[in-house]
Amino acid sequence: MVAQFTYRKGWSELLGLISLPYAELYAERKDGSWMRLGGLVDSGAVISILHYDYARELGIERVEETDVKGYIYGVCRGRREVTRILVYVHKIRLRIGEEIFEVRVGFAESGVEVPTIIGRLDIFDKYIVQFDDAKRIISFMKDFSKISKPLSEPRS
Amino acid sequence: MARRINTTAYDTYVGEAMASEDFEWVSENLIQLQEKYARLFIAVWKRQVIGVGESPSQAIKQARERVTESNPLVEYVPDPKYILVV
């Protein structure tokens with residue numbers, strides 16, 4: 001087990017009480033300190049999405065200067081329709097529990113409101129992520145079977 | 001900072017858990033926080049909201065002005081009017 005979090009109870013005007021699987025992450029700043037943030041874990045999201053300002057807080061000065069950029073779809077402050085949001089992909093160091101690893105995340109373009117989304121890229125391939133809606137618990141677990149039982153022995 | 005979550009409110013599940021007190025506090029008080037801070041970023045330190053803003057930087061800046069040595073947990077508060085489907 002790497003980390004485990006209880007679902008949050010939130011309110012929706014449409015549905016009433018809803019359960020939300022959130023996790024607490026630590027993102028490494030350029031000076032080596034760790035910024036603490038909470039985010040919604042979304043197994044349907046290909047990539048994690050963060051607000052533009054998080055990049056600045058982490059010490060990424062030229063956010064727009066990346067070869068990997070593209071559009072996602074979301075809802076912006078002041079607009080009700082679904083709109084395209086440009087994201088800039090950067091590699092950052094994240095910590096979940098005691099585990100530290102590099103993750104590609106998309107920082108939304110400046111001035112756009114986006115919630116913190118923890119998506120699959122570079123995270124879900126490292127852990128078994130279990131959503132237990134009955135008990136309202138989300139778990140990040142190591143797949144020990146893959147680590148301890150290689151498919152074949154390396155040839156000498 | 002990391003400690004075992006009290007899961008007694010959620011059946012009898014027993015397992016390892018890692019969450020800071022601030023993260024737990026947000027989890028326990030999300031509905032009240034939604035009433036006050038929907039669609040804003042909050043900075044939480046020692047189980048208190050010490051910074052609020054339309055961006056994480058605004059929330060962190062306000063938090064640092066109030067508690068210089070703080071390293072707050074930064075969270076986006078979801079709007080009850082919307083359901084997040086990504």
# chains A, B, ... in the order shown; residues from 1 in each chain; ligands from 1
$ interface_residues --of "chain A" --to "chain B" --cutoff "7 Å" --atoms "only C-alpha atoms" --output "list in words"
Met1, Ala3, Gln4, Phe5, Arg8, Lys9, Gly10, Trp11, Ser12, Glu13, Glu24, Arg36, Leu37, Gly38, Gly44, Ala45, Asp53, Tyr54, Glu57, Gly97, Pro115, Thr116 and Lys135 of chain A
$ write_last_selection --atoms "N, CA and C atoms" --output "PDB file, in the first residue's frame"
ATOM      1  N   MET A   1       0.838  -1.204   0.000  1.00  0.00           N
ATOM      2  CA  MET A   1       0.000   0.000   0.000  1.00  0.00           C
ATOM      3  C   MET A   1       0.870   1.250   0.000  1.00  0.00           C
ATOM      4  N   ALA A   3      -0.734   4.615  -0.566  1.00  0.00           N
ATOM      5  CA  ALA A   3      -1.566   5.650   0.054  1.00  0.00           C
ATOM      6  C   ALA A   3      -3.031   5.289  -0.089  1.00  0.00           C
ATOM      7  N   GLN A   4      -3.797   5.834   0.803  1.00  0.00           N
ATOM      8  CA  GLN A   4      -5.223   5.533   0.811  1.00  0.00           C
ATOM      9  C   GLN A   4      -5.976   6.742   1.367  1.00  0.00           C
ATOM     10  N   PHE A   5      -7.077   7.073   0.716  1.00  0.00           N
ATOM     11  CA  PHE A   5      -7.828   8.257   1.134  1.00  0.00           C
ATOM     12  C   PHE A   5      -9.319   7.936   1.134  1.00  0.00           C
ATOM     13  N   ARG A   8     -14.524  12.105  -0.379  1.00  0.00           N
ATOM     14  CA  ARG A   8     -15.128  13.280   0.222  1.00  0.00           C
ATOM     15  C   ARG A   8     -16.622  13.298  -0.072  1.00  0.00           C
ATOM     16  N   LYS A   9     -17.372  13.837   0.866  1.00  0.00           N
ATOM     17  CA  LYS A   9     -18.782  14.065   0.614  1.00  0.00           C
ATOM     18  C   LYS A   9     -18.934  15.495   0.125  1.00  0.00           C
ATOM     19  N   GLY A  10     -19.460  15.643  -1.080  1.00  0.00           N
ATOM     20  CA  GLY A  10     -19.700  16.976  -1.619  1.00  0.00           C
ATOM     21  C   GLY A  10     -21.176  17.159  -1.904  1.00  0.00           C
ATOM     22  N   TRP A  11     -21.537  18.365  -2.275  1.00  0.00           N
ATOM     23  CA  TRP A  11     -22.935  18.661  -2.559  1.00  0.00           C
ATOM     24  C   TRP A  11     -23.097  19.035  -4.025  1.00  0.00           C
ATOM     25  N   SER A  12     -24.124  18.469  -4.627  1.00  0.00           N
ATOM     26  CA  SER A  12     -24.473  18.808  -6.004  1.00  0.00           C
ATOM     27  C   SER A  12     -25.930  19.240  -6.009  1.00  0.00           C
ATOM     28  N   GLU A  13     -26.214  20.387  -6.629  1.00  0.00           N
ATOM     29  CA  GLU A  13     -27.607  20.847  -6.690  1.00  0.00           C
ATOM     30  C   GLU A  13     -28.470  19.865  -7.474  1.00  0.00           C
ATOM     31  N   GLU A  24      -4.317  13.381  -1.864  1.00  0.00           N
ATOM     32  CA  GLU A  24      -3.386  14.457  -1.513  1.00  0.00           C
ATOM     33  C   GLU A  24      -2.039  14.171  -2.167  1.00  0.00           C
ATOM     34  N   ARG A  36       1.876  21.291  -1.387  1.00  0.00           N
ATOM     35  CA  ARG A  36       0.809  20.339  -1.076  1.00  0.00           C
ATOM     36  C   ARG A  36      -0.458  20.709  -1.839  1.00  0.00           C
ATOM     37  N   LEU A  37      -1.037  19.737  -2.505  1.00  0.00           N
ATOM     38  CA  LEU A  37      -2.285  20.010  -3.205  1.00  0.00           C
ATOM     39  C   LEU A  37      -3.189  18.792  -3.203  1.00  0.00           C
ATOM     40  N   GLY A  38      -4.479  19.064  -3.220  1.00  0.00           N
ATOM     41  CA  GLY A  38      -5.458  17.986  -3.309  1.00  0.00           C
ATOM     42  C   GLY A  38      -6.079  17.999  -4.686  1.00  0.00           C
ATOM     43  N   GLY A  44     -10.836   8.407 -15.896  1.00  0.00           N
ATOM     44  CA  GLY A  44     -11.181   8.663 -17.296  1.00  0.00           C
ATOM     45  C   GLY A  44     -10.333   9.748 -17.931  1.00  0.00           C
ATOM     46  N   ALA A  45      -9.540  10.425 -17.121  1.00  0.00           N
ATOM     47  CA  ALA A  45      -8.687  11.495 -17.654  1.00  0.00           C
ATOM     48  C   ALA A  45      -7.348  10.915 -18.094  1.00  0.00           C
ATOM     49  N   ASP A  53      -1.207  28.589 -12.616  1.00  0.00           N
ATOM     50  CA  ASP A  53      -0.425  29.158 -11.513  1.00  0.00           C
ATOM     51  C   ASP A  53       0.442  28.121 -10.795  1.00  0.00           C
ATOM     52  N   TYR A  54       0.008  26.876 -10.814  1.00  0.00           N
ATOM     53  CA  TYR A  54       0.806  25.849 -10.141  1.00  0.00           C
ATOM     54  C   TYR A  54       2.195  25.749 -10.771  1.00  0.00           C
ATOM     55  N   GLU A  57       4.224  28.462  -9.324  1.00  0.00           N
ATOM     56  CA  GLU A  57       4.541  28.137  -7.928  1.00  0.00           C
ATOM     57  C   GLU A  57       5.650  27.084  -7.839  1.00  0.00           C
ATOM     58  N   GLY A  97       1.936   9.591  -0.828  1.00  0.00           N
ATOM     59  CA  GLY A  97       2.448   8.845   0.318  1.00  0.00           C
ATOM     60  C   GLY A  97       3.939   9.086   0.416  1.00  0.00           C
ATOM     61  N   PRO A 115     -10.175  22.780 -12.282  1.00  0.00           N
ATOM     62  CA  PRO A 115      -9.935  22.074 -11.022  1.00  0.00           C
ATOM     63  C   PRO A 115      -8.703  21.193 -11.158  1.00  0.00           C
ATOM     64  N   THR A 116      -8.182  20.749 -10.043  1.00  0.00           N
ATOM     65  CA  THR A 116      -7.025  19.851 -10.085  1.00  0.00           C
ATOM     66  C   THR A 116      -7.514  18.432 -10.373  1.00  0.00           C
ATOM     67  N   LYS A 135     -17.157   1.339   0.081  1.00  0.00           N
ATOM     68  CA  LYS A 135     -16.546   1.801   1.339  1.00  0.00           C
ATOM     69  C   LYS A 135     -16.061   3.233   1.255  1.00  0.00           C
TER      70      LYS A 135
END
$ atom_distance --atom1 "atom CA of A:Glu113" --atom2 "atom CA of B:Ala59"
13.8 Å
$ closest_residue --among "A:Met141, A:Val63, A:Val112, A:Ala23" --to "A:His90" --atoms "only C-alpha atoms"
A:Val63
$ residues_around --residues "A:Glu28" --least-positions-apart "6" --cutoff "12 Å" --atoms "only C-alpha atoms" --output "CSV table (one decimal) with C-alpha atoms, in the first residue's frame"
chain,number,residue,atom,x,y,z
A,34,TRP,CA,7.2,20.3,-1.6
A,35,MET,CA,3.9,22.0,-2.4
A,36,ARG,CA,0.8,20.3,-1.1
A,37,LEU,CA,-2.3,20.0,-3.2
A,54,TYR,CA,0.8,25.8,-10.1
A,55,ALA,CA,3.6,25.9,-12.8
A,56,ARG,CA,4.7,29.3,-11.5
A,57,GLU,CA,4.5,28.1,-7.9
A,58,LEU,CA,6.7,25.1,-8.8
A,59,GLY,CA,9.3,27.4,-10.4
A,60,ILE,CA,8.5,26.6,-14.1
A,91,LYS,CA,7.3,16.8,-16.4
A,92,ILE,CA,7.3,17.4,-12.6
A,93,ARG,CA,8.1,15.3,-9.6
A,94,LEU,CA,5.2,14.2,-7.5
A,95,ARG,CA,4.9,12.4,-4.2
A,96,ILE,CA,2.0,10.2,-3.2
A,100,ILE,CA,8.3,10.0,-5.5
A,101,PHE,CA,8.1,9.8,-9.3
A,102,GLU,CA,8.1,11.9,-12.4
A,103,VAL,CA,4.8,12.7,-14.0
$ select_by_dssp --residues "chain A" --states "helix (DSSP H, G or I)" --output "MDAnalysis selection string"
chainID A and resid 52:58 144:148
$ select_by_dssp --residues "stretch 10-142 of chain A" --states "strand (DSSP E or B)" --output "mmCIF file with N, CA and C atoms, in the first residue's frame"
data_model
loop_
_atom_site.group_PDB
_atom_site.id
_atom_site.type_symbol
_atom_site.label_atom_id
_atom_site.label_comp_id
_atom_site.auth_asym_id
_atom_site.auth_seq_id
_atom_site.Cartn_x
_atom_site.Cartn_y
_atom_site.Cartn_z
ATOM 1 N N GLY A 10 -19.460 15.643 -1.080
ATOM 2 C CA GLY A 10 -19.700 16.976 -1.619
ATOM 3 C C GLY A 10 -21.176 17.159 -1.904
ATOM 4 N N TRP A 11 -21.537 18.365 -2.275
ATOM 5 C CA TRP A 11 -22.935 18.661 -2.559
ATOM 6 C C TRP A 11 -23.097 19.035 -4.025
ATOM 7 N N SER A 12 -24.124 18.469 -4.627
ATOM 8 C CA SER A 12 -24.473 18.808 -6.004
ATOM 9 C C SER A 12 -25.930 19.240 -6.009
ATOM 10 N N GLY A 16 -27.690 16.055 -5.113
ATOM 11 C CA GLY A 16 -27.633 16.026 -3.656
ATOM 12 C C GLY A 16 -26.249 15.600 -3.188
ATOM 13 N N LEU A 17 -26.197 14.745 -2.173
ATOM 14 C CA LEU A 17 -24.895 14.299 -1.648
ATOM 15 C C LEU A 17 -24.178 13.417 -2.673
ATOM 16 N N ILE A 18 -22.937 13.731 -2.941
ATOM 17 C CA ILE A 18 -22.146 12.912 -3.868
ATOM 18 C C ILE A 18 -20.807 12.567 -3.213
ATOM 19 N N SER A 19 -20.220 11.467 -3.641
ATOM 20 C CA SER A 19 -18.906 11.060 -3.137
ATOM 21 C C SER A 19 -17.844 11.392 -4.172
ATOM 22 N N LEU A 20 -16.757 11.956 -3.709
ATOM 23 C CA LEU A 20 -15.699 12.400 -4.617
ATOM 24 C C LEU A 20 -14.358 11.791 -4.198
ATOM 25 N N TYR A 22 -10.845 11.981 -3.824
ATOM 26 C CA TYR A 22 -9.741 12.940 -3.831
ATOM 27 C C TYR A 22 -8.485 12.294 -3.243
ATOM 28 N N ALA A 23 -7.339 12.780 -3.691
ATOM 29 C CA ALA A 23 -6.061 12.339 -3.127
ATOM 30 C C ALA A 23 -5.211 13.564 -2.820
ATOM 31 N N GLU A 24 -4.317 13.381 -1.864
ATOM 32 C CA GLU A 24 -3.386 14.457 -1.513
ATOM 33 C C GLU A 24 -2.039 14.171 -2.167
ATOM 34 N N LEU A 25 -1.534 15.163 -2.865
ATOM 35 C CA LEU A 25 -0.257 15.021 -3.564
ATOM 36 C C LEU A 25 0.728 16.068 -3.064
ATOM 37 N N TYR A 26 1.992 15.772 -3.315
ATOM 38 C CA TYR A 26 3.040 16.756 -3.065
ATOM 39 C C TYR A 26 3.788 16.948 -4.373
ATOM 40 N N ALA A 27 3.937 18.189 -4.798
ATOM 41 C CA ALA A 27 4.666 18.490 -6.032
ATOM 42 C C ALA A 27 5.946 19.237 -5.665
ATOM 43 N N GLU A 28 7.054 18.821 -6.277
ATOM 44 C CA GLU A 28 8.353 19.397 -5.897
ATOM 45 C C GLU A 28 8.610 20.721 -6.594
ATOM 46 N N TRP A 34 8.364 21.021 -1.065
ATOM 47 C CA TRP A 34 7.183 20.336 -1.607
ATOM 48 C C TRP A 34 5.929 21.160 -1.412
ATOM 49 N N MET A 35 5.206 21.369 -2.510
ATOM 50 C CA MET A 35 3.917 22.045 -2.447
ATOM 51 C C MET A 35 2.826 21.002 -2.250
ATOM 52 N N ARG A 36 1.876 21.291 -1.387
ATOM 53 C CA ARG A 36 0.809 20.339 -1.076
ATOM 54 C C ARG A 36 -0.458 20.709 -1.839
ATOM 55 N N LEU A 37 -1.037 19.737 -2.505
ATOM 56 C CA LEU A 37 -2.285 20.010 -3.205
ATOM 57 C C LEU A 37 -3.189 18.792 -3.203
ATOM 58 N N GLY A 38 -4.479 19.064 -3.220
ATOM 59 C CA GLY A 38 -5.458 17.986 -3.309
ATOM 60 C C GLY A 38 -6.079 17.999 -4.686
ATOM 61 N N GLY A 39 -6.434 16.818 -5.183
ATOM 62 C CA GLY A 39 -7.026 16.765 -6.515
ATOM 63 C C GLY A 39 -7.988 15.610 -6.661
ATOM 64 N N LEU A 40 -8.908 15.764 -7.605
ATOM 65 C CA LEU A 40 -9.880 14.717 -7.895
ATOM 66 C C LEU A 40 -9.209 13.639 -8.741
ATOM 67 N N VAL A 41 -9.281 12.409 -8.283
ATOM 68 C CA VAL A 41 -8.685 11.306 -9.044
ATOM 69 C C VAL A 41 -9.692 10.857 -10.096
ATOM 70 N N SER A 48 -3.069 14.312 -16.076
ATOM 71 C CA SER A 48 -3.396 15.195 -14.951
ATOM 72 C C SER A 48 -3.398 16.646 -15.432
ATOM 73 N N ILE A 49 -4.343 17.418 -14.917
ATOM 74 C CA ILE A 49 -4.471 18.818 -15.322
ATOM 75 C C ILE A 49 -4.373 19.709 -14.087
ATOM 76 N N LEU A 50 -3.529 20.722 -14.212
ATOM 77 C CA LEU A 50 -3.366 21.679 -13.114
ATOM 78 C C LEU A 50 -3.578 23.096 -13.623
ATOM 79 N N LYS A 69 2.083 20.468 -26.357
ATOM 80 C CA LYS A 69 0.930 21.282 -25.975
ATOM 81 C C LYS A 69 -0.265 20.855 -26.807
ATOM 82 N N GLY A 70 -1.457 21.046 -26.255
ATOM 83 C CA GLY A 70 -2.641 20.634 -26.993
ATOM 84 C C GLY A 70 -3.892 21.054 -26.260
ATOM 85 N N TYR A 71 -5.041 20.670 -26.822
ATOM 86 C CA TYR A 71 -6.316 21.117 -26.258
ATOM 87 C C TYR A 71 -7.040 20.015 -25.495
ATOM 88 N N ILE A 72 -7.647 20.419 -24.391
ATOM 89 C CA ILE A 72 -8.592 19.556 -23.695
ATOM 90 C C ILE A 72 -9.931 20.302 -23.681
ATOM 91 N N TYR A 73 -10.975 19.642 -23.249
ATOM 92 C CA TYR A 73 -12.280 20.293 -23.191
ATOM 93 C C TYR A 73 -12.718 20.458 -21.743
ATOM 94 N N GLY A 74 -13.235 21.639 -21.396
ATOM 95 C CA GLY A 74 -13.645 21.888 -20.025
ATOM 96 C C GLY A 74 -14.562 23.096 -19.945
ATOM 97 N N VAL A 75 -14.840 23.521 -18.699
ATOM 98 C CA VAL A 75 -15.717 24.669 -18.472
ATOM 99 C C VAL A 75 -14.912 25.772 -17.814
ATOM 100 N N VAL A 82 -19.189 24.178 -22.825
ATOM 101 C CA VAL A 82 -17.911 23.470 -22.819
ATOM 102 C C VAL A 82 -16.990 24.155 -23.820
ATOM 103 N N THR A 83 -15.772 24.377 -23.414
ATOM 104 C CA THR A 83 -14.861 25.095 -24.284
ATOM 105 C C THR A 83 -13.498 24.408 -24.340
ATOM 106 N N ARG A 84 -12.731 24.772 -25.358
ATOM 107 C CA ARG A 84 -11.390 24.198 -25.496
ATOM 108 C C ARG A 84 -10.418 24.922 -24.574
ATOM 109 N N ILE A 85 -9.571 24.164 -23.934
ATOM 110 C CA ILE A 85 -8.546 24.761 -23.071
ATOM 111 C C ILE A 85 -7.180 24.258 -23.537
ATOM 112 N N LEU A 86 -6.294 25.201 -23.801
ATOM 113 C CA LEU A 86 -4.939 24.830 -24.198
ATOM 114 C C LEU A 86 -4.140 24.421 -22.970
ATOM 115 N N VAL A 87 -3.450 23.302 -23.034
ATOM 116 C CA VAL A 87 -2.603 22.886 -21.914
ATOM 117 C C VAL A 87 -1.154 22.710 -22.379
ATOM 118 N N TYR A 88 -0.245 23.041 -21.502
ATOM 119 C CA TYR A 88 1.185 22.891 -21.735
ATOM 120 C C TYR A 88 1.691 21.746 -20.868
ATOM 121 N N VAL A 89 2.287 20.767 -21.509
ATOM 122 C CA VAL A 89 2.685 19.570 -20.774
ATOM 123 C C VAL A 89 4.136 19.699 -20.302
ATOM 124 N N HIS A 90 4.323 19.507 -19.011
ATOM 125 C CA HIS A 90 5.662 19.528 -18.411
ATOM 126 C C HIS A 90 5.817 18.308 -17.501
ATOM 127 N N LYS A 91 7.065 17.944 -17.309
ATOM 128 C CA LYS A 91 7.345 16.839 -16.393
ATOM 129 C C LYS A 91 7.681 17.418 -15.017
ATOM 130 N N ILE A 92 6.997 16.941 -13.994
ATOM 131 C CA ILE A 92 7.281 17.398 -12.635
ATOM 132 C C ILE A 92 7.475 16.184 -11.730
ATOM 133 N N ARG A 93 8.001 16.436 -10.538
ATOM 134 C CA ARG A 93 8.148 15.344 -9.569
ATOM 135 C C ARG A 93 7.000 15.407 -8.570
ATOM 136 N N LEU A 94 6.327 14.281 -8.433
ATOM 137 C CA LEU A 94 5.187 14.190 -7.522
ATOM 138 C C LEU A 94 5.471 13.185 -6.426
ATOM 139 N N ARG A 95 4.804 13.341 -5.313
ATOM 140 C CA ARG A 95 4.871 12.367 -4.229
ATOM 141 C C ARG A 95 3.457 11.997 -3.810
ATOM 142 N N ILE A 96 3.196 10.716 -3.771
ATOM 143 C CA ILE A 96 1.955 10.204 -3.181
ATOM 144 C C ILE A 96 2.383 9.298 -2.041
ATOM 145 N N GLU A 99 6.058 7.705 -1.909
ATOM 146 C CA GLU A 99 6.585 7.398 -3.237
ATOM 147 C C GLU A 99 6.796 8.675 -4.047
ATOM 148 N N ILE A 100 7.987 8.807 -4.642
ATOM 149 C CA ILE A 100 8.307 9.977 -5.466
ATOM 150 C C ILE A 100 8.538 9.502 -6.892
ATOM 151 N N PHE A 101 7.949 10.192 -7.868
ATOM 152 C CA PHE A 101 8.113 9.788 -9.262
ATOM 153 C C PHE A 101 7.854 10.986 -10.178
ATOM 154 N N GLU A 102 8.307 10.844 -11.432
ATOM 155 C CA GLU A 102 8.118 11.916 -12.413
ATOM 156 C C GLU A 102 6.819 11.703 -13.165
ATOM 157 N N VAL A 103 6.114 12.788 -13.364
ATOM 158 C CA VAL A 103 4.805 12.718 -14.012
ATOM 159 C C VAL A 103 4.687 13.850 -15.035
ATOM 160 N N ARG A 104 4.160 13.511 -16.213
ATOM 161 C CA ARG A 104 3.824 14.565 -17.168
ATOM 162 C C ARG A 104 2.430 15.094 -16.822
ATOM 163 N N VAL A 105 2.351 16.407 -16.628
ATOM 164 C CA VAL A 105 1.058 17.023 -16.317
ATOM 165 C C VAL A 105 0.798 18.156 -17.310
ATOM 166 N N GLY A 106 -0.471 18.467 -17.504
ATOM 167 C CA GLY A 106 -0.846 19.575 -18.378
ATOM 168 C C GLY A 106 -1.228 20.789 -17.555
ATOM 169 N N PHE A 107 -0.515 21.887 -17.776
ATOM 170 C CA PHE A 107 -0.877 23.143 -17.118
ATOM 171 C C PHE A 107 -1.791 23.924 -18.060
ATOM 172 N N ALA A 108 -2.968 24.291 -17.574
ATOM 173 C CA ALA A 108 -3.922 25.019 -18.412
ATOM 174 C C ALA A 108 -3.367 26.390 -18.756
ATOM 175 N N ILE A 117 -7.059 17.894 -11.504
ATOM 176 C CA ILE A 117 -7.464 16.558 -11.930
ATOM 177 C C ILE A 117 -6.247 15.639 -11.922
ATOM 178 N N ILE A 118 -6.357 14.532 -11.241
ATOM 179 C CA ILE A 118 -5.281 13.543 -11.239
ATOM 180 C C ILE A 118 -5.668 12.452 -12.228
ATOM 181 N N ILE A 128 -1.711 0.070 -8.662
ATOM 182 C CA ILE A 128 -3.078 -0.397 -8.827
ATOM 183 C C ILE A 128 -3.929 0.623 -8.090
ATOM 184 N N VAL A 129 -4.724 1.338 -8.834
ATOM 185 C CA VAL A 129 -5.571 2.361 -8.221
ATOM 186 C C VAL A 129 -6.974 1.782 -8.081
ATOM 187 N N GLN A 130 -7.376 1.621 -6.844
ATOM 188 C CA GLN A 130 -8.660 0.971 -6.582
ATOM 189 C C GLN A 130 -9.689 1.979 -6.052
ATOM 190 N N PHE A 131 -10.803 2.081 -6.781
ATOM 191 C CA PHE A 131 -11.915 2.922 -6.328
ATOM 192 C C PHE A 131 -12.922 2.009 -5.638
ATOM 193 N N ASP A 132 -13.016 2.104 -4.336
ATOM 194 C CA ASP A 132 -13.977 1.288 -3.602
ATOM 195 C C ASP A 132 -15.154 2.195 -3.225
ATOM 196 N N ILE A 137 -13.451 4.529 -0.389
ATOM 197 C CA ILE A 137 -12.006 4.614 -0.166
ATOM 198 C C ILE A 137 -11.282 4.448 -1.490
ATOM 199 N N ILE A 138 -10.301 5.317 -1.739
ATOM 200 C CA ILE A 138 -9.453 5.158 -2.921
ATOM 201 C C ILE A 138 -8.053 4.769 -2.462
ATOM 202 N N SER A 139 -7.498 3.742 -3.109
ATOM 203 C CA SER A 139 -6.194 3.207 -2.701
ATOM 204 C C SER A 139 -5.223 3.223 -3.861
ATOM 205 N N PHE A 140 -3.991 3.579 -3.558
ATOM 206 C CA PHE A 140 -2.887 3.453 -4.511
ATOM 207 C C PHE A 140 -2.004 2.327 -3.984
ATOM 208 N N MET A 141 -1.940 1.234 -4.762
ATOM 209 C CA MET A 141 -1.200 0.065 -4.296
ATOM 210 C C MET A 141 -0.136 -0.323 -5.302
#
$ closest_residue --among "A:Gly32, A:Lys142, A:Ile47, A:Asp67" --to "A:Tyr127" --atoms "only C-alpha atoms"
A:Lys142
$ atom_distance --atom1 "atom CA of B:Gly53" --atom2 "atom CA of A:Ser110"
14.8 Å
$ atom_distance --atom1 "atom CA of A:Tyr7" --atom2 "atom CA of B:Trp45"
20.5 Å
